[in-house]
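J.: What follows is upload.txt, made up of compact mmCIF, C-alpha atoms:
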```
# COMPACT_ATOMS: atom_id res chain seq x y z
CA ARG N 1 -17.65 27.76 7.40
CA ASN N 2 -21.34 28.15 8.24
CA ARG N 3 -22.02 29.75 4.88
CA LEU N 4 -20.33 26.91 3.03
CA SER N 5 -22.29 24.39 5.09
CA ASP N 6 -25.57 26.11 4.14
CA MET N 7 -24.58 26.15 0.46
CA GLU N 8 -23.72 22.46 0.60
CA GLU N 9 -27.06 21.61 2.21
CA ARG N 10 -28.98 23.53 -0.47
CA LEU N 11 -27.00 21.77 -3.19
CA ALA N 12 -27.68 18.34 -1.66
CA LYS N 13 -31.41 19.07 -1.54
CA ARG N 14 -31.49 20.17 -5.18
CA ALA N 15 -29.43 17.25 -6.52
CA ASP N 16 -31.07 14.29 -8.26
CA VAL N 17 -28.71 11.86 -6.55
CA VAL N 18 -26.04 12.17 -3.85
CA PHE N 19 -23.10 9.82 -3.18
CA THR N 20 -21.11 9.98 0.04
CA THR N 21 -17.75 8.38 0.88
CA SER N 22 -18.35 7.88 4.62
CA LYS N 23 -21.25 6.67 6.77
CA TYR N 24 -21.16 9.89 8.78
CA LEU N 25 -21.70 11.99 5.63
CA TYR N 26 -24.34 9.51 4.46
CA ARG N 27 -26.42 10.04 7.61
CA ILE N 28 -26.24 13.83 7.18
CA ARG N 29 -27.09 13.90 3.46
CA LYS N 30 -29.80 11.22 3.74
CA GLU N 31 -31.83 13.66 5.85
CA GLN N 32 -31.44 16.32 3.15
CA ASN N 33 -32.00 14.08 0.14
CA PRO N 34 -33.65 10.63 0.31
CA ASN N 35 -31.81 9.58 -2.88
CA THR N 36 -28.44 9.47 -1.09
CA HIS N 37 -26.11 6.47 -1.32
CA TYR N 38 -23.04 5.32 0.57
CA LEU N 39 -20.20 4.72 -1.89
CA PRO N 40 -16.77 4.65 -0.24
CA SER N 41 -13.61 5.19 -2.25
CA CYS N 42 -11.79 2.40 -4.04
CA VAL N 43 -8.15 1.51 -4.63
CA ASP N 44 -6.04 0.25 -7.51
CA SER N 45 -5.24 -2.97 -5.66
CA ALA N 46 -3.16 -4.45 -8.51
CA LEU N 47 -0.91 -1.37 -8.59
CA PHE N 48 -0.19 -1.35 -4.86
CA GLN N 49 0.32 -5.11 -4.67
CA GLN N 50 3.40 -4.50 -6.82
CA ALA N 51 5.14 -3.53 -3.57
CA GLN N 52 5.17 -7.26 -2.74
CA SER N 53 6.89 -8.22 -5.99
CA PRO N 54 10.66 -8.83 -6.11
CA ALA N 55 10.62 -6.90 -9.40
CA CYS N 56 9.57 -3.76 -7.51
CA LYS N 57 12.68 -2.00 -6.25
CA ILE N 58 12.75 0.36 -3.25
CA ALA N 59 12.76 4.03 -4.26
CA PRO N 60 16.33 5.41 -4.51
CA GLU N 61 15.75 8.02 -1.75
CA LEU N 62 15.03 5.21 0.74
CA GLU N 63 17.84 2.82 -0.15
CA GLY N 64 20.21 4.31 2.42
CA THR N 65 17.57 4.91 5.11
CA PRO N 66 18.03 2.47 8.01
CA SER N 67 15.07 0.47 9.26
CA PRO N 68 12.67 0.87 10.81
CA VAL N 69 11.08 3.24 8.31
CA ILE N 70 7.68 4.64 9.24
CA GLY N 71 5.97 6.16 6.19
CA PHE N 72 3.05 8.31 5.11
CA VAL N 73 1.76 8.85 1.56
CA GLY N 74 -0.63 11.67 0.63
CA GLY N 75 -1.25 15.38 0.61
CA MET N 76 -0.44 17.22 3.84
CA VAL N 77 -2.36 20.12 5.39
CA ASN N 78 -1.18 21.22 8.83
CA SER N 79 -4.69 21.45 10.27
CA LYS N 80 -5.31 17.78 9.41
CA MET N 81 -1.87 16.32 10.20
CA ASN N 82 -1.18 15.38 13.81
CA TRP N 83 2.39 16.72 13.80
CA GLU N 84 2.49 16.63 17.62
CA TRP N 85 2.21 12.85 17.58
CA ILE N 86 4.88 12.61 14.89
CA ARG N 87 7.23 14.84 16.89
CA GLU N 88 6.76 12.82 20.06
CA ALA N 89 7.37 9.56 18.23
CA ALA N 90 10.44 10.95 16.43
CA VAL N 91 11.94 12.38 19.63
CA THR N 92 11.29 9.39 21.89
CA ARG N 93 12.30 6.86 19.22
CA PRO N 94 15.32 8.44 17.48
CA GLN N 95 16.15 5.07 15.89
CA TRP N 96 12.95 5.28 13.84
CA ASN N 97 13.01 7.12 10.50
CA PHE N 98 9.85 8.88 9.32
CA VAL N 99 9.29 9.40 5.58
CA PHE N 100 6.55 11.57 4.09
CA VAL N 101 5.69 11.22 0.40
CA GLY N 102 3.35 13.78 -1.15
CA PRO N 103 2.71 17.49 -1.49
CA CYS N 104 2.74 19.83 1.51
CA VAL N 105 0.01 22.42 0.97
CA GLU N 106 1.84 24.58 3.52
CA ASN N 107 5.21 24.29 5.24
CA PRO N 108 5.14 21.78 8.11
CA PRO N 109 5.98 23.21 11.57
CA SER N 110 9.66 24.04 12.12
CA TYR N 111 9.88 21.50 14.96
CA ILE N 112 9.07 18.81 12.37
CA VAL N 113 11.33 20.02 9.56
CA GLN N 114 14.30 20.34 11.95
CA GLN N 115 13.95 16.78 13.22
CA LYS N 116 16.84 14.72 11.80
CA ASN N 117 14.90 11.46 11.52
CA ILE N 118 12.05 12.98 9.46
CA LEU N 119 12.37 13.08 5.66
CA PHE N 120 10.08 14.76 3.10
CA VAL N 121 10.57 13.50 -0.46
CA GLY N 122 7.88 15.61 -2.16
CA THR N 123 5.22 14.69 -4.72
CA ARG N 124 5.58 11.45 -6.66
CA SER N 125 3.37 10.03 -9.43
CA GLN N 126 1.01 7.25 -8.43
CA ASP N 127 2.83 4.58 -10.44
CA LEU N 128 5.94 5.18 -8.29
CA LEU N 129 4.19 4.92 -4.91
CA PRO N 130 4.60 1.12 -4.53
CA SER N 131 8.39 1.58 -4.65
CA TYR N 132 8.19 3.96 -1.68
CA ILE N 133 5.72 1.88 0.32
CA LYS N 134 7.93 -1.16 -0.28
CA GLY N 135 10.60 0.63 1.76
CA PHE N 136 8.22 1.27 4.69
CA ASP N 137 8.08 -1.04 7.69
CA VAL N 138 4.87 0.61 8.95
CA CYS N 139 2.41 2.91 7.16
CA LEU N 140 0.75 5.86 8.90
CA ILE N 141 -2.51 7.76 8.78
CA SER N 142 -1.62 10.42 11.32
CA TYR N 143 -4.66 12.70 11.06
CA GLN N 144 -6.34 14.96 13.61
CA GLY N 145 -9.51 17.04 14.00
CA GLU N 146 -12.68 15.56 15.48
CA GLU N 147 -15.07 16.69 12.72
CA PHE N 148 -12.61 15.75 9.97
CA LEU N 149 -11.99 12.29 11.43
CA LYS N 150 -15.74 11.60 11.70
CA ALA N 151 -16.29 12.39 8.01
CA CYS N 152 -13.02 10.87 6.77
CA GLN N 153 -12.74 7.65 4.77
CA PRO N 154 -9.00 7.35 4.02
CA THR N 155 -8.42 5.54 0.75
CA LYS N 156 -4.73 5.21 1.67
CA ALA N 157 -5.59 2.66 4.38
CA PHE N 158 -6.48 0.09 1.74
CA GLU N 159 -3.65 1.10 -0.58
CA TYR N 160 -1.28 0.39 2.30
CA LEU N 161 -2.99 -2.95 3.00
CA ALA N 162 -2.85 -3.93 -0.68
CA SER N 163 0.91 -3.34 -0.41
CA GLY N 164 1.03 -5.91 2.40
CA LYS N 165 2.06 -3.36 5.05
CA PRO N 166 0.81 -2.89 8.64
CA VAL N 167 -1.16 0.31 9.21
CA VAL N 168 -1.23 2.57 12.27
CA SER N 169 -3.91 5.26 12.22
CA SER N 170 -5.59 7.91 14.29
CA TRP N 171 -8.98 6.74 15.56
CA ILE N 172 -11.15 7.09 12.45
CA PRO N 173 -14.73 5.77 12.86
CA GLU N 174 -14.81 4.57 9.25
CA LEU N 175 -11.95 2.17 10.05
CA GLU N 176 -13.41 0.71 13.24
CA ASP N 177 -14.60 -2.41 11.40
CA TYR N 178 -10.95 -3.16 10.57
CA GLN N 179 -9.46 -3.04 14.06
CA GLU N 180 -8.20 -6.61 13.72
CA ILE N 181 -5.75 -5.49 11.04
CA ILE N 182 -5.47 -1.68 11.41
CA ARG N 183 -4.15 -0.34 14.70
CA LEU N 184 -6.17 2.73 15.77
CA SER N 185 -4.82 5.32 18.20
CA ARG N 186 -6.48 7.87 20.48
CA THR N 187 -3.36 9.29 22.15
CA ALA N 188 0.28 9.93 21.30
CA GLY N 189 1.34 7.18 23.68
CA GLU N 190 -1.00 4.69 22.06
CA PHE N 191 0.21 5.82 18.64
CA ILE N 192 3.83 5.02 19.55
CA GLN N 193 2.87 1.68 21.13
CA ASN N 194 0.90 0.77 18.01
CA ILE N 195 3.88 1.52 15.78
CA GLU N 196 6.06 -0.72 17.95
CA ALA N 197 3.51 -3.53 17.70
CA ALA N 198 3.05 -2.98 13.97
CA LEU N 199 6.79 -3.35 13.40
CA GLU N 200 6.38 -6.93 14.63
CA ASP N 201 3.09 -7.44 12.76
CA GLY N 202 4.78 -6.78 9.44
CA LYS N 203 7.07 -9.78 9.97
CA LYS N 204 4.15 -12.23 10.24
CA GLU N 205 3.25 -13.81 6.91
CA ASP N 206 -0.29 -14.71 8.02
CA LEU N 207 -1.01 -11.06 8.87
CA VAL N 208 0.46 -9.82 5.60
CA ARG N 209 -1.91 -12.18 3.77
CA LYS N 210 -4.81 -10.74 5.79
CA TYR N 211 -3.81 -7.21 4.81
CA ILE N 212 -3.84 -8.04 1.11
CA GLN N 213 -7.06 -10.03 1.47
CA ALA N 214 -8.83 -7.12 3.18
CA SER N 215 -7.90 -4.79 0.35
CA GLN N 216 -9.59 -7.03 -2.22
CA GLY N 217 -13.02 -5.75 -1.19
CA TRP N 218 -11.97 -2.21 -2.09
CA THR N 219 -11.07 -2.60 -5.76
CA TRP N 220 -12.75 -0.48 -8.43
CA GLU N 221 -13.86 -3.65 -10.20
CA GLY N 222 -15.52 -4.97 -7.04
CA ARG N 223 -17.19 -1.65 -6.30
CA LEU N 224 -18.60 -1.31 -9.80
```
Using structure tokens, write down the structure from this file.
T.:
Amino acid sequence: RNRLSDMEERLAKRADVVFTTSKYLYRIRKEQNPNTHYLPSCVDSALFQQAQSPACKIAPELEGTPSPVIGFVGGMVNSKMNWEWIREAAVTRPQWNFVFVGPCVENPPSYIVQQKNILFVGTRSQDLLPSYIKGFDVCLISYQGEEFLKACQPTKAFEYLASGKPVVSSWIPELEDYQEIIRLSRTAGEFIQNIEAALEDGKKEDLVRKYIQASQGWTWEGRL
């Protein structure tokens, strides 16, 4: 890890220009290269807004899954996924169904796989993701790892919002400016409480409009 960090620093110093996706990384690289710029990720807002359209049908795998459905979309690495929080939520709220869409880089822990109200559907192409998110009542960003969270800028937060869905996340500094619409969690208990609150949030039309509105500032067109 230290060797990689040294290599990265040398590369940043030699580069003509550096772009960073989070403010935390910006502060680090700015000290190593004055020509460093903060450029967070963008989302295909038009694609994910399809989840709000009546023409967009819920993915077949979710049609028979009873609500509430709590969903996650993205690649999964055990060191970055807070499976302990997911287990506690799944065990204490057996009426909730958790759905994970995306590739697992490694097998999730057995205590997750064996849980009856947790479903893994595997990798799906991006154009199909709105049909899965449409079937979610709440969208998750259940990450862990102090250093990772500091440097993280999760694009999926704004893909979820563009879909008009409430978002419950681990406490990610890059999302602190959006606490009015994204529920951030520091503990498992808070995580579960936030999901309960978000289930009600998703029924409020004014909040759904705010979600979609917030995502508009994160389009590729706007960023360019």
J.: Applying 9 Å and only C-alpha atoms, which residues near Val69 in chain N remain after dropping the ones on its own chain fewer than 4 positions away? List them as a list in words.
T.: Leu62, Thr65, Trp96, Asn97, Phe98, Val99, Gly135, Phe136, Asp137, Val138 and Cys139 of chain N
J.: Identify which of the residues N:Pro103, N:Pro166, N:Pro173, N:Gly189 lies closest to Lys150 in chain N, counting only C-alpha atoms when measuring atom-to-atom distances.
T.: N:Pro173
J.: So, counting only C-alpha atoms, which residue among N:Ser5, N:Gln52, N:Thr36, N:Asn82 is closest to Ser22 in chain N?
T.: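 With only C-alpha atoms as the atom set, the closest residue is N:Thr36.
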J.: Could you tell me how far CA of Glu200 in chain N lies from CA of Glu174 in chain N, in Å and to one decimal?
T.: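 Separation of CA of Glu200 in chain N and CA of Glu174 in chain N: 24.7 Å.
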J.: Would you work out the distance separating CA of Arg10 in chain N from CA of Tyr26 in chain N, expressed in Å to one decimal?
T.: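 CA of Tyr26 in chain N lies 15.6 Å from CA of Arg10 in chain N.
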J.: By how many Å are CA of Lys80 in chain N and CA of Cys152 in chain N apart?
T.: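 These atoms are spaced 10.7 Å apart.
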